[in-house]
Structure formats: structure tokens, C-alpha cells
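Taking it in order: structure first as C-alpha cells, then the write-up.
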Amino acid sequence: MAKLKEKAYRWIFTVLAFSSLIFLVGIIIVLFKEGLPVFKEVKPADFIFGKAWYPTFDPPEFGILPLILASFWVTVGAMFVCVPLGVGSALYLNELAGHRQRAVLKPLVEILASIPSVVYGFFGMMMIAPFLQNLLHLPTGLCAFTASLTLGIMATPTVCSIAEDALSYVPKSFREASFAVGANRWQTLVNVVIPAAGSGISTAIILGMSRAIGETMTVLMVAGGAAVIPHSFFEPVRPMTSAIAAEMGEAPMGSAHYHSLFAIALVLFLITFVFNIVAELISRRFRIKLGLGG
Amino acid sequence: MDRRIVKIEARDINFFYGSRQALSSVSIEIYKNQVTAIIGPSGCGKSTFIRLLNRMNELVPNTSLKGAILLEEEDIFDPSVDPVEIRRRIGMVFQKPNPFPKSIFENVSYGLKINGITDGNFIEKKVGESLKKAALWDEVKDRIHENALKLSGGQQQRLCIARCLAVEPEVLLFDEPCASLDPISTSKIEELILELKKYYTIVIVTHNMQQAARVSDYTAFFLLGELIEFGKTQDIFTAPKDKRTEDYITGRFG
Amino acid sequence: MKKHKVTQNIGFALLFLCMAVTLFFLGAIIYFITIRGIKVISWEFLTQVPRNGMTEGGVAPAILGTFYLTMGAILVSLPLGLACAIYLCEYSPKSALVNLIRMSINNLAGVPSVVFGLFGFAVFVKYMKFGVSILSGSLTLGILALPVIISASQEALTAVPQSLREASLALGASKWQTIKKIVLPTALPGILTGVILSIGRVAGETAPILFTAATFYTRHYPDSVFSEVMALPYHIYALMTEGTHPDKQAAIAYGCGLILLVLVLLISTIAIVIRQKQRVIHG
């Protein structure tokens, strides 16, 4: 009787453990099932490389190159903000901040990470956009540059936390060995600590990128929304996520437009999927390198 | 003294971690109401051996066992035997005191409750008895509902002993019970062991030879996974038959 | 030798600057939203329904909606996530299957939130015909929170010393008794931290509820799990991008932003405090 109960519990937990896998597979199936029908209307190559996104025109055009490029521009721009800020802050926390300072600063960084993206978007819209518009005499503050800046601020705590973890795994003996040959703290940091934590820091950067490219509300609110191939950082753009969020409500169920939005989500999913796999491979290698086990 | 009753018998035990052999051909008899000490240098397999006696080895993945261990003539590794039942009959005290982060009372009553006992009066009586047997009652009787983690290391270890006693085991296994304790706590535990052997069969792993000499009736010397010598403690320490035993107890290696 | 010292000082100054800029943005966000939001916060704002085409009145239905959606999401993700963590930490043999589960958890955590929204829309709203409702939104958000709950629970379970499990098993407790009476109570604060963190995360999510649960304007409180609801984060977005009175609406948006910010900051502070206390106890 008791043994039967034990077995029953083991089974329940085993079955429930598969929920994540089921949902992940479910997401993939839904994206393919709802996304693929668009290719009855448009060839895959024309979809990915088409330069015009006019889904509601007659005849409609489904070229998502402007959306893909917008996503990449904004993400790369965000990297210029969050990589120096995030990694720099992580180094400061790990290397310079004392025990007490760290006890205050680390929670603050975590709080920054917990602010909802819609609040970042709102902040970008109300503060950063008007500020940049006045400062740089732009026709509109809602542009790729503002989106990059806002997204960058948003991704900074993600990058910082993961990079800080990686730095804290660097064994003390590495530092001591460097001090012992007469290197100062900066030299030790640049020549020993950063290279040792290198792949951990790369993981942080890739995950930050993955977060930025998949972010929706912020770019929806501040990127401006024009679905044209970007020429300048100071023009409005429409990244993939904002196209999905903005148009889903209007696309008639089962129409080519509807399916095309799922197809965009599929492209987005595949991009972030690759990012995540790469990040995981790198971090696994990092852990093995430092002897932390797989 | 020669009416020895065999309580546990290990027959030709071979034990492997993956492909590494940790015990080879160990055979030994543990006598009822006697204290048997297992000594040997670290890595000799003494902890591995004692963990086989209540099937705790099964918590480590990737191990394999050949041979048999008989508890009153019944093979504890027989597939029909429930390890849970074996562990009820054979209590174990670990190297580091490991009280649950609960009250003293809850710690001692835990074993009773998981065995389905709900009678409050009985539980209370049993907790008191066990704490008295473990020589802890006088020190904690006024604060029995306080968190056990507030006790000192030595008190915690006696609490862990009381926790074992509450489920009325037949055998008590001690895996280096004093390894993390100060000398005063250690001597209290040793006194306790001498007292407890009236009721229980006791096996104690120790790397401290004086301790083995003080508390045990029989001593087994392990080296590199083999049982080198087994006999009355007095004989082992005064007239060892094997050269390696003599080298170890006279401190020539270890 | 002197040159090295100068390089070091410049380098350290740069690192300090990075930290300072990061904190500056945190301060700026909190400062501006507090200063402007506090003006519209009143008892009426917190307890009344909106009036006059979203330009007057309060945001009570949005607060309530966010509460329902968040609780619903936790009801979905806590049992699933905890069970998964228990399997991975207590039962699982190391195998390819377990690696597959771990990999899918990591990848699920990286899926963009808008993709969860599409998934919820296709499966819960359309296929299962739950419609745009609290139920669809909670299920979608629950799946999104799953990886957070799993990894926090896993961390908490791993932190339970192996010696406690051994002590329990050595007393003749079965595996499930050991988990139920020793492992879970000991891990509880850690699991709680995970739950609180995911509440904070879920309460602020917008993209997943865009097409599964949220509506811009309703004067009614939800009366069943099949009602569509207003929600704070969505309300901020809607106020800024729809509607006809941008100025009046912006003021309300600041108010909503402040409520949401206070809510989320309070929640994550609680989580951080619990965790820190826990660290003190366990050393």
C-alpha cells in the first residue's frame, strides 16, 4: 500500500515535469501551423527579403525585411548601451564595491530588472523622446535611437546580473597568482579576471541581446512604428515584435495577414532560440573550463 | 561472555562506485548487545561499509554490490525487502549532527509520526523517554519546543541519537559521531554509547583509536577496502595478529 | 610604475561611472513617475470605475484585473513548476531525458513574451474557445512564469542539505514522506521568493495579455473567469496610444504607472528581504 503510494507520487512528478517541454513543443507547433499558410500567398524568400510591408493594401505585400532590419538596428543600438553599462557595473560590483556597498547595489540592480517593460516604454515615450527631440532637433523623438536607448537601459540589469555571476565564479587563486607576480588590480582585472570570465560574460551579452530583440512593449511605444527599411537611427522604425503586437488586433482571423504575423513570430522565435542555444553552449563550456561541472 | 548471538552477518561483500572497487570480500559478524568499532585510515571503506548495513548506499547512483548482509538471518538486500523497513530497525547517527530545522520535540517525534502514530500522549511519553536515554532531557526539558538549531553541537548530536531511539531500533550505527565535536561533548557521547549497549547492538566507525579502545568490545580494522583483522578489542590493541594492524595502531601510517 | 597607477585610476573611474549611470536611470524612472503620478492618486482614483471616456474617474477595474490575472497565473504555474522542480531535484536519474527537460525550461525562459501572447490567442482564445478572458490570460501568463518558478524552486531544493534527507531516510521515512515533511518545509522560504518574484514579473507583463485577456475600457467588474478585464500595464499602453484626450489620459497613465511601479517594487523588495534573511540563517 505504502509502496504503491510512493510509485504514484513518482509518476505524478515525472509526468508534470514534462510540462515545460510540452508547452515549448506546443508553441513551435502553433507557430508552424498558423504561420506556414502565409506561404500560399507569398514565397518564403519574398517574405523574408521582401522590402515592402503593406499587409492591408490591395493587393497586399508581405515583405518583412524592414521589420527584421528594424529589430536588428534597435537591438544592436541597445547593445551599445547595455554592454558597457552592464559589464562595467558588474566589474564595479565584483571588483571595487565593498561588502556593504554590494549588499545595497545588487538588490538595486535587481529592482531595475523587475520594472515592467511597459513602464520603460512609458518612460521612454514621456521623458527620453521629448528630451532627444529638443536636444537634437528631430522631427520626432519616437525613433530607432530612442528605442535603442530605452531598450539598452532595460537590458542593462540582465547583462549585469549574469556577468556578475560569471565574475564571482573566477577562483580567488587566479587573482592571487597574478598579484604574486607584481601585477596591480587593474592589470589583474584586464589580463586575468576578464579573460577567465570571458565566456560567462559573452553568455550575459547574448542573453541581453535575446531579451532586447524579443522585447515588445518598449519598442511598440517608442520606436515610432514606420514599416520602412531604416536609413538612419533617427527615423521611426517598426521591429518585428511591435508589428505583431500592433496588428494582431486588426488582422481578420484566418486571413493572410493573420498568418503572416504568426510567420513573423516564427522567425523571431527561431532567432531567439538560436541565441539561447548558443548562450547555453558557451556557458556550459565556461563551467567546465572553471571546473564547476556540466 | 561467550554466549555471543550474531545480530548482523556480512558475507563476502564486494562494493563498487562505478568501476572503482571500494570494498573487497568483506565478511564479518556483528554480535548482539556489543559495541563493534570499525577503524582504519581515511578512504579505507569503513564509512562505505557501515552505510551498507541500512542500505543508505542506495542513495548514491551508479554503485553495485555483490554479497549478502543478513539481519537475523534475513538478507536485507533481498528484492522483497523494503529498505524503509530496514532503516526503521537499524538507526543511524551521522558524522555531522543533522537535526531538522524544527523544534526539539518535533525532531524526536518525527520518526513516530511518519510511522503513522497519532496518539499524542504516547508520542509525548516516548519523546521524554528517548531524550532521557540520550542523556539530554535535563538540559532541554524546559525548552522542548525551541528550534533544535539553537542547541550546541554536542547537544545536537545527542538529539540526533534521541531521534533514532524514539523509533525503537534494534541496531544503532554511528558514523564517526564525534568527528565535529569538542572533547567534553565527545566524552558525553562515549558514556552514552556504553550505556546504550545494554539495549542495542551498536556499530561505530571512528578514526580515533583511543575512542575505539574506550567504547568497543570488538574491533574491525579496514585497509584499502579489505577487512584486515577482526577480534576482541583488547586483543586487537594489545596483540594484533597482522603486521598492518600493528603498524596502524602504533601510528606508523594513517 | 607610475603610468600603471594612472591607467588603474582611469579604469576604476570608468567602472564607477558605469555603475553610477545605471543607478541614475533607476533613480530617474522612479523619480519622474512618482512626482507626476502622485498628483492623480487619490482614494477615488484607486476605488472608482473610469468615467467620461477614460478621462476621469478611477482605475479600480484595472487594479482588480491585474490582481485576478496574477493570481490565476500563479495557480497555473506553481503546482506545475514545483512538481517539475521536485522531479528534477529529488527523483530524476541523470539521463538524456532530464537534459531535454532542462533544455526546454531554459528555452521557454527565452521565448519573447509576445510569442506567448500569440500562443495563448491561438490555443486558449480560439481553439479552446475560452475567448478573450481572465482564464485565457491567466493560462498564458502561467506558462510564461513557469521557468521562473521552476528555477527558483530548484535552487531552493538544492540548498536543502543532503544530511537532512539522509537523517529522515535513516529513520525509516519513505522518499515522499521525506520530501513532504523535511525537504519542502526547509525549502519553503526559497520557493516563496520564487513565487513572489514571478508575481512581480507577471503583474507587469503586457504583451501576453494584449490578445488574450485585456480590454481598454469597461465600467464593469469581471463576474466570471470568462470575462475580459482591464489590467494596469495594458491600461498604461492603451492610454498612451489610443483615445482622444492625450493630455488628460497621460495624467492617468502616470497614476497607473506609479501604482504598478509601487506594486512591483514592493513585491521584489519583499522577495529580496526574504532571501537575504534566509542567507543569514543558512550562512
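As shown in the C-alpha cells, the chain order sets the letters A, B, ...; within each chain, residues go from 1, and ligands are also counted from 1 in the order they appear.
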All residues 8 Å or closer to range 228-232 of chain B, only C-alpha atoms, same chain fewer than 5 positions away omitted, as a CSV table (one decimal) with C-alpha atoms, in the first residue's frame:
chain,number,residue,atom,x,y,z
B,28,ILE,CA,32.2,-10.1,9.4
B,217,ASP,CA,34.0,-4.7,22.7
B,218,TYR,CA,35.1,-5.8,19.2
B,219,THR,CA,37.2,-4.0,16.6
B,220,ALA,CA,37.5,-4.5,12.9
B,221,PHE,CA,40.4,-2.9,11.1
B,222,PHE,CA,39.9,-2.0,7.4
B,223,LEU,CA,42.6,-1.1,4.9
B,241,LYS,CA,48.0,-10.8,14.5
B,242,ASP,CA,48.5,-8.8,11.3
B,244,ARG,CA,49.5,-3.9,9.0
B,245,THR,CA,47.2,-3.7,12.1
Subject >> Contacts of Ala10 in chain B at 10 Å (only C-alpha atoms; same-chain gap of 6+ positions) as a PyMOL selection string >> reply: chain B and resi 25-30+49+52-53+67-71+75
**OP:** Could you list the residues in chain B lying within 12 Å of chain A, using only C-alpha atoms, and format the result as a list in words?
**Re:**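 Per the criterion, chain B yields Ser80, Val81, Asp82, Pro83, Val84, Glu85, Ile114, Asn115 and Gly116 of chain B.
For range 160-167 of chain A, the non-local neighbours within 8 Å, defined as residues at least 4 positions apart in the same chain or in other chains and counting only C-alpha atoms, are A:Leu85, A:Gly86, A:Val87, A:Gly88, A:Ser89, A:Ala90, A:Leu91, A:Leu93, A:Asn94, A:Val109, A:Glu110, A:Thr156, A:Val193, A:Ile194, A:Ala197, A:Gly200, A:Ile201, A:Thr203, A:Ala204.
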Please save C-alpha atoms of the selected residues as a compact mmCIF listing (two decimals), in the first residue's frame.
# COMPACT_ATOMS: atom_id res chain seq x y z
CA LEU A 85 26.88 49.74 -18.66
CA GLY A 86 26.04 46.17 -17.69
CA VAL A 87 29.53 44.69 -17.83
CA GLY A 88 31.05 47.86 -16.32
CA SER A 89 28.60 47.74 -13.42
CA ALA A 90 29.27 44.02 -12.94
CA LEU A 91 33.02 44.68 -12.78
CA LEU A 93 30.25 45.32 -8.13
CA ASN A 94 32.67 42.43 -8.24
CA VAL A 109 20.14 46.32 -9.90
CA GLU A 110 17.61 43.53 -9.36
CA THR A 156 21.44 46.53 -18.53
CA VAL A 193 39.83 38.03 -14.40
CA ILE A 194 38.07 39.21 -17.56
CA ALA A 197 35.16 35.02 -17.05
CA GLY A 200 30.43 33.82 -18.95
CA ILE A 201 30.37 37.48 -19.94
CA THR A 203 26.65 34.49 -22.28
CA ALA A 204 25.42 37.58 -20.46
Subject >> Near-Phe24 in chain C list (12 Å; only C-alpha atoms; drop same-chain fewer than 4 positions) as a list in words >> reply: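 Near Phe24 in chain C, the qualifying residues are Leu85, Leu108, Val109, Leu112 and Ile153 of chain A; Leu17, Cys18, Met19, Ala20, Ala28, Ile29, Ile30, Tyr31 and Phe32 of chain C.
For the choices C:Met71, C:Met128, C:Val6, C:Ile182, the atom-to-atom distance to chain A is smallest for C:Val6 when using only C-alpha atoms.
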**OP:** Pick out the closest residue to chain A from this set: C:Pro61, C:Gly72, C:Gly120, C:Gly190. Count only C-alpha atoms.
**Re:**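 Once distances to chain A are computed over only C-alpha atoms, the minimum belongs to C:Gly120.
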**OP:** Name the residues of range 23-236 of chain B that come out as alpha helix (DSSP H) in a backbone DSSP run; write them as JSON, numbers by chain.
**Re:** {"B": [46, 47, 48, 49, 50, 51, 52, 83, 84, 85, 86, 87, 88, 89, 104, 105, 106, 107, 108, 109, 110, 111, 112, 113, 114, 120, 121, 122, 123, 124, 125, 126, 127, 128, 129, 130, 131, 132, 133, 137, 138, 139, 140, 153, 154, 155, 156, 157, 158, 159, 160, 161, 162, 163, 164, 165, 166, 183, 184, 185, 186, 187, 188, 189, 190, 191, 192, 193, 194, 195, 196, 209, 210, 211, 212, 213, 214, 215, 233, 234, 235, 236]}
**OP:** Quick one: everything within 10 Å of range 187-192 of chain B, counting only C-alpha atoms, minus sequence neighbours fewer than 4 positions away in the same chain. Send it as a list in words.
**Re:** Lys133, Ala134, Ala135, Gly154, Gln155, Gln157, Arg158, Ile161, Pro177, Cys178, Leu181, Asp182, Pro183, Leu196, Lys197, Gln211, Ala212, Arg214, Val215 and Ser216 of chain B
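Contact shell of Asn14 in chain B at 6 Å (only C-alpha atoms; same-chain neighbours under 6 positions omitted): Leu23, Ser24, Ser25, Leu65 and Lys66 of chain B.
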Subject >> Expected answer as a ChimeraX atom specification: chain C residues within 7 Å of chain A, only C-alpha atoms >> reply: /C:8,15-16,18-19,22,26,29,80,83-84,87,101,104-105,107-108,110-112,114-115,119,176,200-201,204-207,211,233,237,257,261,264-265,268,272
Original post:
Which residue, C:Ser95, C:Gln249, C:Thr66, C:Ser163, has the smallest gap to chain B when you use only C-alpha atoms?
Top reply: C:Ser163
**OP:** Give the strand (DSSP E) residues of range 10-151 of chain A, as assigned by DSSP on the backbone, as a ChimeraX atom specification.
**Re:** /A:53-54,61-62
Would you mind listing, as an mmCIF file with N, CA, C and O atoms, in the first residue's frame, all residues of chain B that have at least one atom within 7 Å of chain C, where only C-alpha atoms are what counts?
data_model
loop_
_atom_site.group_PDB
_atom_site.id
_atom_site.type_symbol
_atom_site.label_atom_id
_atom_site.label_comp_id
_atom_site.auth_asym_id
_atom_site.auth_seq_id
_atom_site.Cartn_x
_atom_site.Cartn_y
_atom_site.Cartn_z
ATOM 1 N N VAL B 84 12.840 0.852 3.548
ATOM 2 C CA VAL B 84 12.234 1.691 4.586
ATOM 3 C C VAL B 84 12.105 0.902 5.897
ATOM 4 O O VAL B 84 12.393 1.396 6.979
ATOM 5 N N GLU B 85 11.703 -0.368 5.774
ATOM 6 C CA GLU B 85 11.536 -1.231 6.953
ATOM 7 C C GLU B 85 12.892 -1.481 7.632
ATOM 8 O O GLU B 85 13.023 -1.404 8.855
ATOM 9 N N ARG B 87 15.523 0.407 7.566
ATOM 10 C CA ARG B 87 16.039 1.618 8.206
ATOM 11 C C ARG B 87 15.295 1.917 9.509
ATOM 12 O O ARG B 87 15.818 2.613 10.374
ATOM 13 N N ARG B 88 14.074 1.413 9.631
ATOM 14 C CA ARG B 88 13.379 1.561 10.904
ATOM 15 C C ARG B 88 14.031 0.697 11.975
ATOM 16 O O ARG B 88 14.110 1.062 13.136
ATOM 17 N N GLY B 91 18.947 2.127 13.234
ATOM 18 C CA GLY B 91 19.073 3.582 13.275
ATOM 19 C C GLY B 91 20.482 4.017 12.917
ATOM 20 O O GLY B 91 21.428 3.234 12.992
ATOM 21 N N MET B 92 20.612 5.285 12.510
ATOM 22 C CA MET B 92 21.946 5.760 12.136
ATOM 23 C C MET B 92 22.184 7.170 12.659
ATOM 24 O O MET B 92 21.320 8.038 12.577
ATOM 25 N N ASN B 98 22.776 16.408 12.377
ATOM 26 C CA ASN B 98 21.873 16.916 11.342
ATOM 27 C C ASN B 98 20.440 17.000 11.831
ATOM 28 O O ASN B 98 19.555 16.351 11.295
ATOM 29 N N PHE B 100 16.712 18.368 12.154
ATOM 30 C CA PHE B 100 15.852 19.090 11.218
ATOM 31 C C PHE B 100 15.648 20.500 11.744
ATOM 32 O O PHE B 100 15.655 20.713 12.957
ATOM 33 N N GLY B 111 10.079 10.514 13.702
ATOM 34 C CA GLY B 111 10.076 9.102 13.313
ATOM 35 C C GLY B 111 8.778 8.406 13.684
ATOM 36 O O GLY B 111 8.299 7.523 12.970
ATOM 37 N N ILE B 114 5.953 9.676 11.173
ATOM 38 C CA ILE B 114 5.978 9.098 9.826
ATOM 39 C C ILE B 114 5.602 7.627 9.862
ATOM 40 O O ILE B 114 5.244 7.049 8.850
ATOM 41 N N CYS B 164 16.785 8.827 16.878
ATOM 42 C CA CYS B 164 16.867 7.422 16.463
ATOM 43 C C CYS B 164 16.164 6.516 17.465
ATOM 44 O O CYS B 164 15.442 5.596 17.087
#
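The space between CA of Leu132 in chain A and CA of His245 in chain C spans 24.0 Å.
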**OP:** Write out as a list of chain:residue names each polymer residue whose atoms come within 9 Å of Phe145 in chain A, counting only C-alpha atoms; drop sequence neighbours fewer than 5 positions from it.
**Re:**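 Everything that qualifies: A:Val74, A:Gly77, A:Ala78, A:Thr150, A:Ala223, A:Ser232, A:Phe233, A:Phe234, A:Glu235, A:Pro236.
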**OP:** Figure out the distance between CA of Leu224 in chain B and CA of Met56 in chain B, please, to one decimal in Å.
**Re:**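 Rounded to one decimal, the two atoms are 20.6 Å apart.
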